[in-house]
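So this block is my_file18.txt, compact mmCIF, C-alpha atoms:
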```
# COMPACT_ATOMS: atom_id res chain seq x y z
CA MET C 1431 10.77 -27.09 38.28
CA THR C 1432 7.20 -28.13 39.21
CA PRO C 1433 4.77 -25.19 39.07
CA PRO C 1434 2.81 -24.69 42.29
CA ILE C 1435 -0.76 -25.95 42.32
CA PRO C 1436 -3.09 -22.99 42.80
CA GLU C 1437 -4.94 -22.59 46.06
CA PRO C 1438 -8.51 -23.98 45.86
CA ALA C 1439 -11.12 -21.37 45.10
CA ASP C 1440 -14.87 -21.15 45.29
CA THR C 1441 -15.95 -23.21 42.26
CA ALA C 1442 -19.14 -21.14 41.93
CA GLU C 1443 -17.11 -18.02 41.18
CA GLN C 1444 -13.97 -19.27 39.43
CA GLU C 1445 -13.51 -19.69 35.71
CA PHE C 1446 -13.04 -23.04 34.03
CA ARG C 1447 -9.42 -24.04 33.46
CA PRO C 1448 -8.56 -24.92 29.82
CA VAL C 1449 -8.11 -28.64 29.17
CA ASP C 1450 -4.61 -28.25 27.73
CA GLU C 1451 -3.50 -26.33 30.81
CA GLN C 1452 -4.80 -29.09 33.07
CA ILE C 1453 -3.07 -31.77 30.98
CA ALA C 1454 0.23 -29.88 31.22
CA LEU C 1455 -0.18 -29.51 35.00
CA VAL C 1456 -0.85 -33.24 35.38
CA LEU C 1457 1.96 -34.39 33.09
CA ASP C 1458 4.44 -32.22 34.95
CA SER C 1459 3.82 -34.38 38.02
CA ALA C 1460 4.85 -37.63 36.32
CA VAL C 1461 7.58 -39.47 38.19
CA ARG C 1462 9.16 -42.55 36.64
CA PRO C 1463 9.69 -45.40 39.14
CA ARG C 1464 13.30 -46.38 39.83
CA PRO C 1465 14.67 -49.04 37.47
CA VAL C 1466 14.77 -52.64 38.68
CA ARG C 1467 16.56 -55.69 37.33
CA VAL C 1468 14.23 -58.54 36.38
CA ALA C 1469 14.42 -61.88 34.61
CA ILE C 1470 13.87 -61.46 30.88
CA SER C 1471 10.76 -63.67 31.19
CA GLU C 1472 9.24 -60.92 33.36
CA ALA C 1473 10.35 -57.96 31.23
CA GLN C 1474 7.77 -58.17 28.45
CA GLY C 1475 5.85 -54.92 27.98
CA LEU C 1476 8.28 -52.86 30.09
CA LEU C 1477 10.71 -50.18 28.93
CA CYS C 1478 14.38 -51.05 28.89
CA ALA C 1479 16.39 -48.89 31.33
CA GLU C 1480 19.86 -49.68 29.99
CA GLU C 1481 21.83 -50.07 26.79
CA VAL C 1482 22.22 -53.83 26.49
CA VAL C 1483 25.62 -54.40 24.89
CA ALA C 1484 26.22 -57.85 23.41
CA GLU C 1485 29.01 -59.77 25.10
CA HIS C 1486 28.60 -62.67 22.70
CA ALA C 1487 28.38 -62.71 18.92
CA LEU C 1488 25.20 -63.90 17.24
CA PRO C 1489 25.65 -66.45 15.71
CA GLY C 1490 28.51 -67.46 17.95
CA PHE C 1491 30.17 -69.63 15.26
CA ASP C 1492 29.96 -70.25 11.52
CA GLN C 1493 26.99 -72.57 11.03
CA ALA C 1494 24.98 -74.25 8.29
CA ALA C 1495 21.91 -72.32 7.20
CA VAL C 1496 20.34 -75.42 5.57
CA ASP C 1497 20.64 -79.20 5.63
CA GLY C 1498 23.31 -80.19 3.14
CA TYR C 1499 27.03 -80.72 2.68
CA ALA C 1500 29.82 -78.49 4.00
CA VAL C 1501 32.45 -77.97 1.29
CA ARG C 1502 35.15 -75.68 0.05
CA SER C 1503 33.43 -73.54 -2.57
CA VAL C 1504 36.41 -73.96 -4.96
CA ASP C 1505 35.78 -77.73 -5.01
CA VAL C 1506 32.30 -77.35 -6.53
CA ARG C 1507 32.91 -74.60 -9.09
CA PRO C 1508 33.34 -76.99 -12.06
CA VAL C 1509 29.71 -77.99 -11.55
CA GLU C 1510 28.72 -75.40 -14.16
CA ASP C 1511 30.19 -77.73 -16.81
CA GLU C 1512 29.47 -81.14 -15.29
CA PRO C 1513 28.53 -82.62 -11.89
CA VAL C 1514 31.22 -83.07 -9.26
CA GLN C 1515 31.53 -86.05 -6.96
CA LEU C 1516 32.99 -85.63 -3.48
CA PRO C 1517 33.62 -88.26 -0.81
CA VAL C 1518 31.49 -87.72 2.33
CA VAL C 1519 33.87 -88.08 5.26
CA GLY C 1520 31.49 -87.57 8.16
CA GLU C 1521 28.36 -85.97 9.54
CA ILE C 1522 27.88 -83.03 11.94
CA PRO C 1523 24.50 -82.71 13.70
CA ALA C 1524 23.20 -79.49 15.23
CA GLY C 1525 24.68 -79.05 18.70
CA SER C 1526 27.85 -80.99 17.94
CA ARG C 1527 30.88 -79.91 19.96
CA GLN C 1528 33.40 -82.19 18.25
CA PRO C 1529 35.76 -80.17 16.01
CA ARG C 1530 36.22 -81.46 12.47
CA ARG C 1531 38.64 -80.56 9.74
CA LEU C 1532 37.73 -80.71 6.10
CA GLN C 1533 40.41 -81.69 3.58
CA PRO C 1534 40.43 -80.36 -0.01
CA GLY C 1535 38.09 -82.32 -2.27
CA GLN C 1536 35.93 -83.62 0.60
CA ALA C 1537 32.40 -83.00 1.93
CA VAL C 1538 30.83 -83.35 5.36
CA ARG C 1539 27.10 -83.84 5.78
CA VAL C 1540 25.66 -81.06 8.06
CA ALA C 1541 22.30 -80.30 9.65
CA THR C 1542 20.82 -76.83 9.85
CA GLY C 1543 22.54 -74.96 12.69
CA ALA C 1544 25.52 -77.33 12.82
CA PRO C 1545 29.01 -75.81 13.15
CA LEU C 1546 31.06 -75.90 9.96
CA PRO C 1547 34.25 -77.95 9.85
CA THR C 1548 37.55 -76.12 9.50
CA LEU C 1549 38.30 -74.99 5.90
CA ALA C 1550 34.65 -75.27 4.82
CA ASP C 1551 33.33 -71.93 3.53
CA ALA C 1552 30.01 -72.99 1.97
CA VAL C 1553 27.12 -75.44 2.29
CA VAL C 1554 25.62 -77.20 -0.71
CA PRO C 1555 21.87 -77.72 -0.01
CA THR C 1556 20.72 -81.32 -0.21
CA SER C 1557 18.39 -80.34 -3.07
CA TYR C 1558 21.49 -79.46 -5.18
CA THR C 1559 22.81 -83.04 -4.82
CA ASP C 1560 21.81 -86.67 -5.18
CA GLY C 1561 21.88 -86.99 -1.37
CA HIS C 1562 24.27 -89.93 -1.34
CA PRO C 1563 25.66 -90.65 2.15
CA ALA C 1564 29.10 -91.83 1.02
CA LYS C 1565 29.94 -90.16 -2.29
CA VAL C 1566 27.75 -87.18 -3.06
CA THR C 1567 27.17 -85.87 -6.57
CA VAL C 1568 26.83 -82.04 -6.66
CA HIS C 1569 24.72 -80.68 -9.54
CA ARG C 1570 24.93 -76.93 -8.76
CA SER C 1571 27.77 -74.78 -7.49
CA VAL C 1572 27.58 -72.41 -4.51
CA PRO C 1573 29.65 -69.28 -3.84
CA SER C 1574 31.88 -68.73 -0.85
CA ALA C 1575 29.69 -68.12 2.26
CA GLY C 1576 26.70 -69.59 0.42
CA TYR C 1577 24.09 -71.01 2.83
CA VAL C 1578 26.32 -70.16 5.79
CA ARG C 1579 25.44 -68.08 8.85
CA ARG C 1580 28.64 -66.22 9.60
CA THR C 1581 29.89 -65.53 13.15
CA GLY C 1582 28.49 -62.17 14.28
CA GLU C 1583 26.37 -61.79 11.15
CA ASP C 1584 23.34 -60.76 13.25
CA VAL C 1585 25.00 -59.17 16.29
CA GLN C 1586 28.69 -58.59 16.93
CA ILE C 1587 30.41 -58.28 20.30
CA GLY C 1588 30.00 -54.68 21.43
CA ASP C 1589 26.83 -54.03 19.43
CA VAL C 1590 23.80 -52.57 21.25
CA ALA C 1591 21.25 -55.38 21.23
CA VAL C 1592 18.41 -53.50 22.99
CA ARG C 1593 18.44 -49.73 23.47
CA GLN C 1594 17.42 -47.76 26.54
CA GLY C 1595 13.81 -46.66 26.15
CA ASP C 1596 12.83 -49.53 23.85
CA THR C 1597 9.68 -51.42 24.77
CA ILE C 1598 10.60 -55.04 25.43
CA GLY C 1599 8.43 -57.29 23.29
CA ALA C 1600 8.75 -60.88 22.12
CA ALA C 1601 11.55 -60.05 19.66
CA GLN C 1602 13.56 -58.17 22.29
CA VAL C 1603 13.15 -61.01 24.79
CA GLY C 1604 14.39 -63.42 22.13
CA LEU C 1605 17.36 -61.20 21.31
CA LEU C 1606 18.29 -60.84 24.98
CA ALA C 1607 18.25 -64.61 25.32
CA ALA C 1608 20.27 -64.99 22.12
CA VAL C 1609 23.09 -62.77 23.43
CA GLY C 1610 23.11 -64.59 26.77
CA ARG C 1611 21.29 -62.10 29.01
CA SER C 1612 19.15 -63.70 31.72
CA LYS C 1613 18.21 -60.39 33.38
CA VAL C 1614 17.70 -56.83 32.20
CA LEU C 1615 17.25 -53.43 33.84
CA VAL C 1616 13.74 -52.07 33.23
CA TYR C 1617 11.44 -49.29 34.36
CA PRO C 1618 8.68 -51.00 36.36
CA ARG C 1619 5.03 -50.27 35.76
CA PRO C 1620 3.78 -47.29 37.77
CA ARG C 1621 1.73 -48.45 40.74
CA VAL C 1622 -1.82 -47.07 40.65
CA SER C 1623 -4.32 -47.39 43.50
CA ILE C 1624 -8.05 -47.11 42.75
CA VAL C 1625 -10.46 -46.17 45.54
CA SER C 1626 -14.25 -45.81 45.29
CA VAL C 1627 -15.99 -43.56 47.81
CA GLY C 1628 -19.70 -43.64 48.57
CA ASP C 1629 -22.07 -44.98 51.21
CA GLU C 1630 -24.46 -45.92 48.39
CA LEU C 1631 -22.01 -48.37 46.81
CA VAL C 1632 -22.06 -52.18 47.08
CA ASP C 1633 -19.66 -54.66 45.53
CA ILE C 1634 -20.81 -56.72 42.58
CA ASP C 1635 -21.12 -59.94 44.63
CA ARG C 1636 -23.95 -58.38 46.67
CA THR C 1637 -27.52 -57.42 45.76
CA PRO C 1638 -28.14 -53.65 46.00
CA SER C 1639 -30.93 -52.48 48.28
CA VAL C 1640 -33.15 -49.52 47.43
CA GLY C 1641 -30.92 -46.48 46.91
CA GLN C 1642 -27.77 -48.53 46.44
CA VAL C 1643 -25.77 -49.09 43.26
CA TYR C 1644 -22.95 -51.38 42.21
CA ASP C 1645 -19.37 -50.14 42.49
CA VAL C 1646 -18.62 -49.74 38.79
CA ASN C 1647 -15.80 -47.22 39.06
CA SER C 1648 -13.17 -49.27 40.84
CA TYR C 1649 -13.47 -52.10 38.30
CA ALA C 1650 -13.65 -49.89 35.22
CA LEU C 1651 -10.83 -47.57 36.29
CA ALA C 1652 -8.62 -50.50 37.33
CA ALA C 1653 -9.10 -52.02 33.88
CA ALA C 1654 -8.29 -48.67 32.23
CA ALA C 1655 -5.13 -48.31 34.33
CA ARG C 1656 -3.95 -51.81 33.39
CA ASP C 1657 -4.58 -51.02 29.75
CA ALA C 1658 -2.40 -47.92 30.15
CA GLY C 1659 0.43 -50.10 31.47
CA ALA C 1660 0.11 -49.69 35.23
CA GLU C 1661 0.42 -52.16 38.07
CA VAL C 1662 -3.00 -51.75 39.67
CA SER C 1663 -4.32 -52.14 43.21
CA ARG C 1664 -8.11 -52.00 43.25
CA VAL C 1665 -8.80 -50.98 46.82
CA GLY C 1666 -12.55 -51.06 46.22
CA ILE C 1667 -15.20 -49.34 48.30
CA VAL C 1668 -14.28 -47.03 51.18
CA PRO C 1669 -17.07 -45.43 53.25
CA GLY C 1670 -17.36 -41.67 53.13
CA GLU C 1671 -16.47 -41.42 56.84
CA PRO C 1672 -13.63 -38.84 56.80
CA LYS C 1673 -11.22 -40.53 59.23
CA ARG C 1674 -11.44 -43.91 57.53
CA LEU C 1675 -11.07 -42.40 54.06
CA ARG C 1676 -8.04 -40.41 55.11
CA GLU C 1677 -6.39 -43.52 56.61
CA VAL C 1678 -6.92 -45.55 53.45
CA VAL C 1679 -5.64 -42.86 51.08
CA GLU C 1680 -2.68 -42.05 53.33
CA GLY C 1681 -1.70 -45.72 53.28
CA ARG C 1682 -1.98 -45.92 49.48
CA LEU C 1683 0.23 -42.85 49.06
CA LEU C 1684 3.12 -44.84 50.53
CA MET C 1685 2.89 -47.59 47.92
CA SER C 1686 1.69 -45.83 44.75
CA GLU C 1687 2.90 -43.54 42.01
CA VAL C 1688 -0.71 -42.47 41.31
CA VAL C 1689 -3.84 -42.55 43.49
CA VAL C 1690 -7.35 -42.24 42.03
CA VAL C 1691 -10.39 -41.57 44.23
CA ALA C 1692 -13.66 -42.08 42.35
CA GLY C 1693 -16.66 -40.27 43.81
CA GLY C 1694 -14.38 -37.61 45.24
CA ALA C 1695 -15.47 -34.66 43.11
CA GLY C 1696 -18.72 -32.80 42.69
CA GLY C 1697 -21.56 -32.05 45.10
CA THR C 1698 -21.64 -32.46 48.87
CA ALA C 1699 -19.81 -35.80 48.74
CA GLY C 1700 -16.94 -34.17 46.86
CA ASP C 1701 -16.70 -31.41 49.47
CA GLU C 1702 -16.47 -34.03 52.22
CA VAL C 1703 -13.72 -35.95 50.42
CA TYR C 1704 -11.80 -32.73 49.85
CA ALA C 1705 -12.05 -31.85 53.54
CA ALA C 1706 -10.89 -35.34 54.58
CA LEU C 1707 -7.80 -35.28 52.36
CA SER C 1708 -6.79 -31.63 52.24
CA ASP C 1709 -4.34 -31.88 55.15
CA LEU C 1710 -2.33 -34.51 53.20
CA GLY C 1711 -1.32 -31.86 50.67
CA ARG C 1712 -2.76 -29.24 48.39
CA ILE C 1713 -5.72 -30.35 46.27
CA ASP C 1714 -6.81 -28.20 43.34
CA MET C 1715 -10.57 -28.35 42.82
CA THR C 1716 -10.66 -25.94 39.87
CA ARG C 1717 -13.29 -27.02 37.35
CA VAL C 1718 -11.89 -27.99 33.96
CA ALA C 1719 -13.46 -26.81 30.71
CA MET C 1720 -14.35 -30.29 29.47
CA HIS C 1721 -17.52 -32.30 29.07
CA PRO C 1722 -18.15 -34.75 30.60
CA GLY C 1723 -16.09 -34.59 33.77
CA SER C 1724 -15.56 -30.90 34.47
CA ALA C 1725 -15.88 -31.44 38.24
CA GLN C 1726 -12.61 -33.03 39.33
CA GLY C 1727 -9.74 -32.56 41.70
CA PHE C 1728 -5.99 -32.96 41.41
CA GLY C 1729 -3.21 -32.65 43.93
CA ARG C 1730 0.15 -34.01 45.01
CA LEU C 1731 -0.32 -35.58 48.40
CA GLY C 1732 1.82 -37.21 51.05
CA PRO C 1733 5.54 -36.92 51.77
CA ASP C 1734 6.41 -38.07 48.22
CA SER C 1735 3.98 -35.66 46.50
CA VAL C 1736 2.06 -38.49 44.83
CA PRO C 1737 -0.27 -37.35 42.01
CA THR C 1738 -3.79 -37.86 43.36
CA PHE C 1739 -7.05 -37.46 41.44
CA LEU C 1740 -10.58 -36.92 42.70
CA LEU C 1741 -13.01 -38.05 40.00
CA PRO C 1742 -16.78 -37.70 39.53
CA ALA C 1743 -19.00 -40.47 40.85
CA ASN C 1744 -20.65 -41.40 37.55
CA PRO C 1745 -18.60 -43.97 35.65
CA MET C 1746 -18.94 -42.32 32.25
CA SER C 1747 -17.43 -39.06 33.45
CA ALA C 1748 -14.78 -40.84 35.52
CA LEU C 1749 -13.60 -42.89 32.54
CA VAL C 1750 -13.42 -39.84 30.27
CA VAL C 1751 -11.36 -37.90 32.83
CA PHE C 1752 -9.12 -40.94 33.17
CA GLU C 1753 -8.68 -41.13 29.39
CA VAL C 1754 -7.90 -37.43 28.96
CA LEU C 1755 -5.69 -36.85 32.02
CA ILE C 1756 -4.65 -39.97 33.93
CA ARG C 1757 -3.81 -42.30 31.08
CA PRO C 1758 -1.23 -39.86 29.63
CA LEU C 1759 0.26 -39.47 33.13
CA ILE C 1760 0.69 -43.24 33.48
CA ARG C 1761 2.24 -43.48 30.02
CA ALA C 1762 4.62 -40.61 30.81
CA ALA C 1763 5.58 -42.23 34.12
CA ARG C 1764 6.42 -45.40 32.20
CA GLY C 1765 8.76 -43.36 30.02
CA THR C 1766 6.69 -43.57 26.85
CA ARG C 1767 8.00 -41.00 24.36
CA ASN C 1768 4.52 -39.85 23.32
CA PRO C 1769 2.01 -40.49 26.12
CA HIS C 1770 -1.03 -39.43 24.08
CA ARG C 1771 -3.37 -41.50 21.94
CA ARG C 1772 -3.42 -41.13 18.18
CA VAL C 1773 -5.67 -38.34 16.85
CA VAL C 1774 -7.04 -38.23 13.27
CA SER C 1775 -9.51 -36.14 11.31
CA ALA C 1776 -12.84 -37.78 10.44
CA ARG C 1777 -16.09 -36.79 8.74
CA LEU C 1778 -19.27 -36.81 10.86
CA LEU C 1779 -21.97 -39.19 9.63
CA SER C 1780 -24.70 -37.50 11.67
CA PRO C 1781 -25.15 -34.19 13.55
CA LEU C 1782 -23.51 -33.73 16.93
CA ALA C 1783 -24.33 -31.44 19.87
CA SER C 1784 -21.90 -30.33 22.58
CA THR C 1785 -21.76 -27.97 25.57
CA LYS C 1786 -20.69 -24.39 24.90
CA GLY C 1787 -17.61 -23.27 26.77
CA ARG C 1788 -16.29 -26.78 27.35
CA ARG C 1789 -14.29 -29.12 25.14
CA GLY C 1790 -16.44 -32.12 24.35
CA PHE C 1791 -15.10 -35.67 24.53
CA LEU C 1792 -18.04 -37.52 23.04
CA ARG C 1793 -18.46 -41.19 22.21
CA GLY C 1794 -18.13 -42.31 18.61
CA GLN C 1795 -17.68 -45.28 16.32
CA LEU C 1796 -14.78 -44.67 13.95
CA LEU C 1797 -14.92 -46.30 10.53
CA ARG C 1798 -12.76 -46.16 7.43
CA ASP C 1799 -13.89 -45.96 3.82
CA GLU C 1800 -11.90 -48.75 2.14
CA SER C 1801 -12.12 -47.13 -1.29
CA THR C 1802 -10.86 -43.67 -0.30
CA GLY C 1803 -9.08 -44.29 3.01
CA GLU C 1804 -11.16 -41.50 4.59
CA TYR C 1805 -12.07 -41.77 8.27
CA LEU C 1806 -15.77 -41.53 9.13
CA VAL C 1807 -17.25 -41.22 12.60
CA GLN C 1808 -20.75 -42.04 13.85
CA PRO C 1809 -21.63 -40.30 17.16
CA LEU C 1810 -23.11 -42.68 19.74
CA GLY C 1811 -25.93 -41.86 22.15
CA THR C 1812 -26.49 -38.38 23.46
CA SER C 1813 -24.11 -36.08 25.28
CA GLY C 1814 -25.43 -37.32 28.64
CA ALA C 1815 -22.58 -37.87 31.09
CA HIS C 1816 -24.24 -40.92 32.69
CA LEU C 1817 -24.54 -43.12 29.58
CA LEU C 1818 -21.98 -45.88 30.08
CA ALA C 1819 -23.35 -48.36 27.53
CA SER C 1820 -22.49 -46.14 24.57
CA LEU C 1821 -18.91 -45.83 25.81
CA ALA C 1822 -18.63 -49.62 25.72
CA GLU C 1823 -19.57 -49.48 22.01
CA ALA C 1824 -17.23 -46.58 21.24
CA ASN C 1825 -13.80 -46.98 19.69
CA CYS C 1826 -13.01 -43.26 19.72
CA LEU C 1827 -13.74 -39.95 21.40
CA VAL C 1828 -14.93 -37.08 19.22
CA ASN C 1829 -13.15 -33.87 20.25
CA VAL C 1830 -15.38 -30.81 19.97
CA ASP C 1831 -13.89 -27.34 20.52
CA GLU C 1832 -15.15 -25.18 23.37
CA ASP C 1833 -16.82 -22.60 21.13
CA LEU C 1834 -18.94 -25.12 19.20
CA VAL C 1835 -22.45 -26.20 20.18
CA GLU C 1836 -23.75 -27.99 17.09
CA LEU C 1837 -21.91 -29.66 14.23
CA PRO C 1838 -23.75 -30.79 11.09
CA ALA C 1839 -23.27 -34.10 9.33
CA GLY C 1840 -20.32 -33.93 6.96
CA GLU C 1841 -18.24 -31.70 9.23
CA GLN C 1842 -14.61 -32.65 9.80
CA VAL C 1843 -13.79 -33.32 13.47
CA ARG C 1844 -10.78 -34.52 15.42
CA VAL C 1845 -11.16 -37.97 16.98
CA THR C 1846 -8.98 -39.78 19.50
CA PHE C 1847 -8.49 -43.51 19.02
CA LEU C 1848 -9.64 -45.74 21.88
CA ALA C 1849 -9.03 -48.94 19.91
CA GLN C 1850 -5.66 -49.87 18.45
CA ARG C 1851 -6.88 -50.44 14.90
CA VAL C 1852 -9.77 -49.19 12.75
```
Starting from the file, lay out its structure as C-alpha cells.
Amino acid sequence: MTPPIPEPADTAEQEFRPVDEQIALVLDSAVRPRPVRVAISEAQGLLCAEEVVAEHALPGFDQAAVDGYAVRSVDVRPVEDEPVQLPVVGEIPAGSRQPRRLQPGQAVRVATGAPLPTLADAVVPTSYTDGHPAKVTVHRSVPSAGYVRRTGEDVQIGDVAVRQGDTIGAAQVGLLAAVGRSKVLVYPRPRVSIVSVGDELVDIDRTPSVGQVYDVNSYALAAAARDAGAEVSRVGIVPGEPKRLREVVEGRLLMSEVVVVAGGAGGTAGDEVYAALSDLGRIDMTRVAMHPGSAQGFGRLGPDSVPTFLLPANPMSALVVFEVLIRPLIRAARGTRNPHRRVVSARLLSPLASTKGRRGFLRGQLLRDESTGEYLVQPLGTSGAHLLASLAEANCLVNVDEDLVELPAGEQVRVTFLAQRV
C-alpha cells in the first residue's frame, strides 16, 4: 500500500527529511509499464516479460562441427595401428536438405554445419586425413559423437531459453532467433518527460541577452534519463506563466510514467510552480537533508498518480537530485532487481568539506591502485552547488554523512560509481 504523501508545510519551520526516507518514498511510487510484444530486433536493452520456452531444439539436427568426413566411428578405430582408407561416396554442403545414408565402411565429405548422413556418428576433421576426394586415408581415429553437434545439445524442446526479468542483450537476441522466435514480450522503457521552467531561459540555438541563460537542464536531464534506460521526451522551455505551465504538465501526465520539472523548486519561482501544479495532486515540498539539492518537490499528479519531481534551477543540483532519487525510480520502473548504483569504499587523496546536517553528494575522480586493488578518490572542485564543469569530470559521487563537516586526506569514504568501470 502506498504511504500518503505528507501535506506541504512551511519550509522555514520544518525539519529536513532524511535522504533514505525520501528515496523510499520515491521508490514506492514506481510503476512498471504494461508489457508489450515487440520484434526481437527492437528488444535489445529491455527486460524480458515472459519465460521464453524453446519450441525447437538447438541444433535442430545432428550436424558437423568441422569440415571433414562423416563416418561410423567403428570404421576408423583401427587407425591406432595403421591408417584406414575409406571410399568417399558423396559430399554434403551446409544447408543441404537432401537425405543421405551412409553404408558401413564408407565416408561422406561434409562442411561445417552440414547435416550428418544416416548411420554416421562422428566426423573426422580434414586435418586428420590426406584430404583425398575419392578415397580418403584417415590417420587418426575419432570417438563416437566426435566433432558432431548433437540435436538439442544447446537447447532442447521445452527448455527456458530466456527467463522473465532477464535483460535482453546481443546473446539473448541471438538465442531468440536461434529457437525461432521473431517477437518477444518485454517491459517497455518508462516514458519520462523533461520540462524546464524559467523566463530567463533560452534554447541553445539562440544568443542569450543580458540576464538570460541557456537551457541546460532539459538537455542534461534528458541525457541522464536515457542513460537510466528511459524513453525520453524533452519538452524544453515552458514560461513561468501558471496557466501555460499547468497545461503543459497536465498533458505530459497523460503520456508519461515520470515527469520532471526543472526550475520548479526553491525561491519565488518554486513557489509559483507549486501553486500552478498543486491542484493536479498533492506535491510534497519538504526539504531533503542532502547537499546539493535540498530544495525539491515530489508528488503523484494527475488521474494516474504519475510521479512528478520539481527540481532546483541550477544544473549541478538538478543532476545530483536526479542521480540520487530519479534514476533509481526509472530503474525500478524498468524492473531492474537492484535499481541503485554500485557503492565502494575509497581512500581520500585530499581533504574534503561538506555541509553539516545534510548528506553530501560531492564530485570525485575514482582511481584504483593497480598494485593493491585499493580504491582512491580525488575530490573535484569545491562544494559549490553551481559548479557543473567538475561534475563533467567526475566519475563518482563521494557520500559524506550528515554529521561530518571536514574529512582529512586518508579517510575512508563511501563513493557511488557514475562510470561503469574504474
**Q.** For Ala1699 of chain C: contacts at 12 Å, all atoms listed in the file, fewer than 5 positions along chain excluded, given as a ChimeraX atom specification
**A.** /C:1626-1630,1669-1672,1691-1694,1704-1706,1740-1743
Q | Residue contacts of segment 1452-1469 of chain C (7 Å, only C-alpha atoms) excluding same-chain residues fewer than 2 positions away, as a PyMOL selection string | A | chain C and resi 1432+1447-1450+1471-1473+1479+1612-1618+1620+1737+1755+1759+1762-1765
Q. Taking all atoms listed in the file into account, which of C:Ala1654, C:Val1632, C:Val1643, C:Val1625 comes nearest Val1668 of chain C?
A. C:Val1625
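Coordinates place atom CA of Arg1844 of chain C at a distance of 18.0 Å from atom CA of Asn1768 of chain C.
With distances restricted to all atoms listed in the file, C:Val1690 is the closest residue to Ala1748 of chain C from C:Leu1779, C:Val1690, C:Leu1837, C:Ala1607.
Nearest-residue note for Ala1575 of chain C: choosing from C:Ala1824, C:Ala1500, C:Val1665, C:Leu1778, the minimum distance belongs to C:Ala1500, counting all atoms listed in the file.
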